[in-house]
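Data block below; observations after.
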Amino acid sequence: MLPPAHRLRSSREFSEVVRRGRRAGRPLLVVSVLIPTEPSGAPTRAGLVVGKAVGGSVVRSRTSRRLRHLLRDRLDRLPTGSRVVVRALPGAGAASSAALGDDLDRALDRVVPR
RNA sequence: CGAGUCGGCCGGACGGUCGCGGCAGUCGCAAGGCUGUCGAGGAAAGUCCGGGCUCCACAGGGCAGGGUGGUCGGUAACACCGACCCGGGGUGACCCGCGGGACAGUGCCACAGAGAGAAGACCGCUCGGGCUUCGGUCCGAGCAAGGGUGAAACGGUGGGGUAAGAGCCCACCAGCGCCCGGGGUGACCCGGGCGGCUCGGCAAACCCCACCCGGAGCAAGGUCAAGAGGGAGUCCUCCGGGACUCCUGCGCAGGCGCUCGAGGGCGGCCCGUCCGAUGCCUGCGGGUAGACCGCACGAGGCCACCGGCAACGGUGGUCCCAGAUGGAUGACCGUCGGCACCGCUUCGGCGGUGACCACAGAACCCGGCUUAUAGGUCGACUCGUCCC
C-alpha cells in the first residue's frame, strides 16, 4: 500500500481517471493521468489495476507490489493534485522490475506536460 | 551394502538501501512524527463435509427430500480419527475395501453361447427301429458324464449304481440353514451336533431397514450522527456559493387493509401454529456500500506429569502468535547455498555460464477431507546378502 494520503480509494475515482484522463499505452502497462486545471496543494494520488489476465493470485500480488514500489519513486514527477491509474497488461506478470520501470518511465514522459 | 514399507519435520540463509500494515508507548490543537514490537501456508488453495458465532416469527406432527452405512471407542460435530473384526493382496514390514439387506417385492446380466434362473442340449453318450456302397446315415426314446461358449453354466473328490447317466445312493470336504457349548462390551471367532442333499451375481438399478438433518449466512448482524433531510463524488466560481451524478429508515403515482385483518413466517406440500398496522402490495427511476463494532484469547500454541494399545482426555506450568478493506505482510542489490549445462581433471574435485530456484497469497473463526508441491532431512520397521 501507498501511504493513505496518496491512495485512490473508490471505484468511482478509478473509472473517472481511466475515462477522462490522458492515457499512454506501453507493451506491459497503460498509464492514465488526470491533471487538475489549476495547481493545488492536494497530494498526488495513485491506484493500480492488475486483473486476472496478468496471472494467478501469486503473480498478481507480486506484480502489483513491484509496480507500487516503482510508482512511489516517480510520484514527484507528476503535478501535485493529479491522479494516476496504472493498469498492468497480460505480459506484466512475467516482466522484471527493470522492464516494468522502463515502460513506466516512457509512459509518464508522454503523459506529463513539461 | 542393496531392495522396500510406514511416519514426522523443513521447504532457501545472511547482509545492505528504500518502503507498508496492526498494536503499545510518547510528542503534537491537528495532520502526522518518533521509539518498541508483531506481520502468510502446509496446503493460506478446491469450497467437498462438520461445527462455533449471528439473525429469523424457537423451528411441532405427517409426507416428500438429502445424508450416513462392519463393530467398539474418540470428539463440539463429522462423510474425520483410532483400535479391532471380516474379505482381498504381499515372503515380510505393511497395503487395499462405495464393508447393512438379494427368502419383502420389481428389475437387469452386453458379446459369445443350445441355455443367464425353479434355465438348457450344439458336439456328444446309450438303447430300439429303418436304410446301407458296412465307412456311416435317418427316425424315435432316454441322458447330461466328457468337450465347447462365457466374468459367471448351480457343488468337489472317490466309490456304488446304470443301457448310458445323474445327490439317484454312500463317505469325506466345501457351502447354506438351525441348535448346543465356550470366548469377546461388540462386529465376530473356536468346537460339536442335526437337516433338505445344493440354493448365481448386481442394491454406485429401483427399493427395504436403522440412524441423522430447521433455514440463511460476517455483504450474518449490531451501534452512532442527521430528522427530511443527510452522506459521497465531480465540475464551475465573482470564494458568498451554485450546478450535476450517485446512495439511503428518502420520493412520486395507484391499489389493499387495520381484529369481520391486507400481507407474511415456520426450507417444499398438508395439518397445525405464530406474527401482523403512519402497515403491506404494484409501478416509475435508481444497485458494489458513511464511520465504527463484529474482528482475533481461541474446541489456542508449547512443556511436563497422570489415565488409555491408540485416537484422545485430565491436571499443572508457560506464552500472546497477521488482521488488510483498490486490500499491508514487500521491492531492489550483493554474498552464500542448491540445480542444469559446458570445459578441464591426478576422478578427490576445480573453473565458467544461466531474466534457473517447488506448489502456492489470509479476508469471521475453528476441526477434517481432497488436490498441487523442486529439493532436503530425521526416525521406526521388513526382506535379501556379506562380515564378526
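Every chain in the C-alpha cells takes a letter, A first, then B, and so on in the order presented; its residues are numbered from 1, and the ligands are numbered from 1 following the presented order.
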Counting only C-alpha atoms (C1' of nucleotides), what is within 10 Å of G368 in chain B, bar same-chain residues fewer than 2 positions away, as a PyMOL selection string?
-> chain B and resi 49-50+78-81
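For Gly21 in chain A, the non-local neighbours within 10 Å, defined as residues at least 2 positions apart in the same chain or in other chains and counting only C-alpha atoms (C1' of nucleotides), are Ser15, Glu16, Val17, Val18, Arg19, Arg23, Ala24, Val31, Ser32, Val33, Leu34, Ile35, Ser82, Arg83, Val84, Val85 and Val111 of chain A.
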Just write the chosen residues, C-alpha atoms, as a PDB file, in the first residue's frame.
```pdb
ATOM      1  CA  SER A  15     -13.325   4.859 -13.564  1.00  0.00           C
ATOM      2  CA  GLU A  16     -13.183   8.639 -13.720  1.00  0.00           C
ATOM      3  CA  VAL A  17      -9.438   8.757 -14.116  1.00  0.00           C
ATOM      4  CA  VAL A  18      -9.400   5.990 -16.700  1.00  0.00           C
ATOM      5  CA  ARG A  19     -12.262   7.504 -18.671  1.00  0.00           C
ATOM      6  CA  ARG A  23      -3.607   7.956 -21.480  1.00  0.00           C
ATOM      7  CA  ALA A  24      -0.355   6.383 -22.687  1.00  0.00           C
ATOM      8  CA  VAL A  31      -0.982   4.850 -17.602  1.00  0.00           C
ATOM      9  CA  SER A  32      -3.911   7.230 -17.184  1.00  0.00           C
ATOM     10  CA  VAL A  33      -3.442  10.628 -15.558  1.00  0.00           C
ATOM     11  CA  LEU A  34      -5.960  13.289 -14.614  1.00  0.00           C
ATOM     12  CA  ILE A  35      -4.235  16.641 -14.025  1.00  0.00           C
ATOM     13  CA  SER A  82      -3.081  14.889 -10.096  1.00  0.00           C
ATOM     14  CA  ARG A  83      -4.466  11.373 -10.021  1.00  0.00           C
ATOM     15  CA  VAL A  84      -2.969   8.420 -11.815  1.00  0.00           C
ATOM     16  CA  VAL A  85      -4.048   4.839 -12.565  1.00  0.00           C
ATOM     17  CA  VAL A 111       1.545  11.914 -20.411  1.00  0.00           C
TER      18      VAL A 111
END
```
Closest atom pairs, residues of chain B within 12 Å of chain A, only C-alpha atoms (C1' of nucleotides), as a tab-separated table:
```
residue	atom	partner	partner_atom	distance
B:C18	C1'	A:His69	CA	9.2
B:G19	C1'	A:His69	CA	7.6
B:C20	C1'	A:Met1	CA	5.7
B:G21	C1'	A:Met1	CA	8.3
B:A31	C1'	A:Ala5	CA	10.5
B:G32	C1'	A:Ala5	CA	11.2
B:A40	C1'	A:Val58	CA	11.9
B:A44	C1'	A:Val58	CA	11.7
B:A45	C1'	A:Ser57	CA	10.6
B:A232	C1'	A:Ser10	CA	10.1
B:G233	C1'	A:Arg12	CA	7.7
B:U234	C1'	A:Glu16	CA	9.0
B:C235	C1'	A:Thr37	CA	11.1
B:C236	C1'	A:Thr37	CA	11.8
B:U245	C1'	A:Arg12	CA	11.0
B:C246	C1'	A:Arg12	CA	9.6
B:U288	C1'	A:Ser11	CA	8.7
B:A289	C1'	A:Ser10	CA	10.8
B:A324	C1'	A:Met1	CA	9.6
B:U325	C1'	A:Arg9	CA	9.7
B:G326	C1'	A:Arg9	CA	5.7
B:G327	C1'	A:Met1	CA	8.3
B:A328	C1'	A:Met1	CA	6.3
B:U329	C1'	A:Met1	CA	10.7
B:G330	C1'	A:Arg65	CA	6.9
B:A331	C1'	A:His69	CA	6.0
B:C332	C1'	A:Ser97	CA	8.4
B:A355	C1'	A:Ser96	CA	7.0
B:C359	C1'	A:Val58	CA	11.1
B:A360	C1'	A:Val58	CA	7.0
B:G361	C1'	A:Val58	CA	5.7
```
Among the residues of range 67-107 of chain A, find those DSSP assigns to alpha helix (DSSP H) from the backbone and print them as a ChimeraX atom specification.
-> /A:67-72,97-107
With a distance cut-off of 7 Å and only C-alpha atoms (C1' of nucleotides), select the neighbouring residues of Leu28 in chain A, excluding the residue or stretch itself and same-chain residues fewer than 6 positions from it, and output the selection as JSON, numbers by chain.
-> {"A": [88, 89, 91, 92, 100, 103]}
Can you write just those residues out, C-alpha atoms, as a PDB file, in the first residue's frame?
```pdb
ATOM      1  CA  ALA A  88      -0.983  -3.911 -15.932  1.00  0.00           C
ATOM      2  CA  LEU A  89      -1.342  -5.771 -19.210  1.00  0.00           C
ATOM      3  CA  GLY A  91       2.691  -9.585 -20.212  1.00  0.00           C
ATOM      4  CA  ALA A  92       3.437  -7.741 -16.981  1.00  0.00           C
ATOM      5  CA  LEU A 100       8.338  -2.517 -15.823  1.00  0.00           C
ATOM      6  CA  ASP A 103       7.783   1.141 -19.581  1.00  0.00           C
TER       7      ASP A 103
END
```
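Interatomic distance, CA of Gly101 in chain A to CA of Pro79 in chain A: 19.5 Å.
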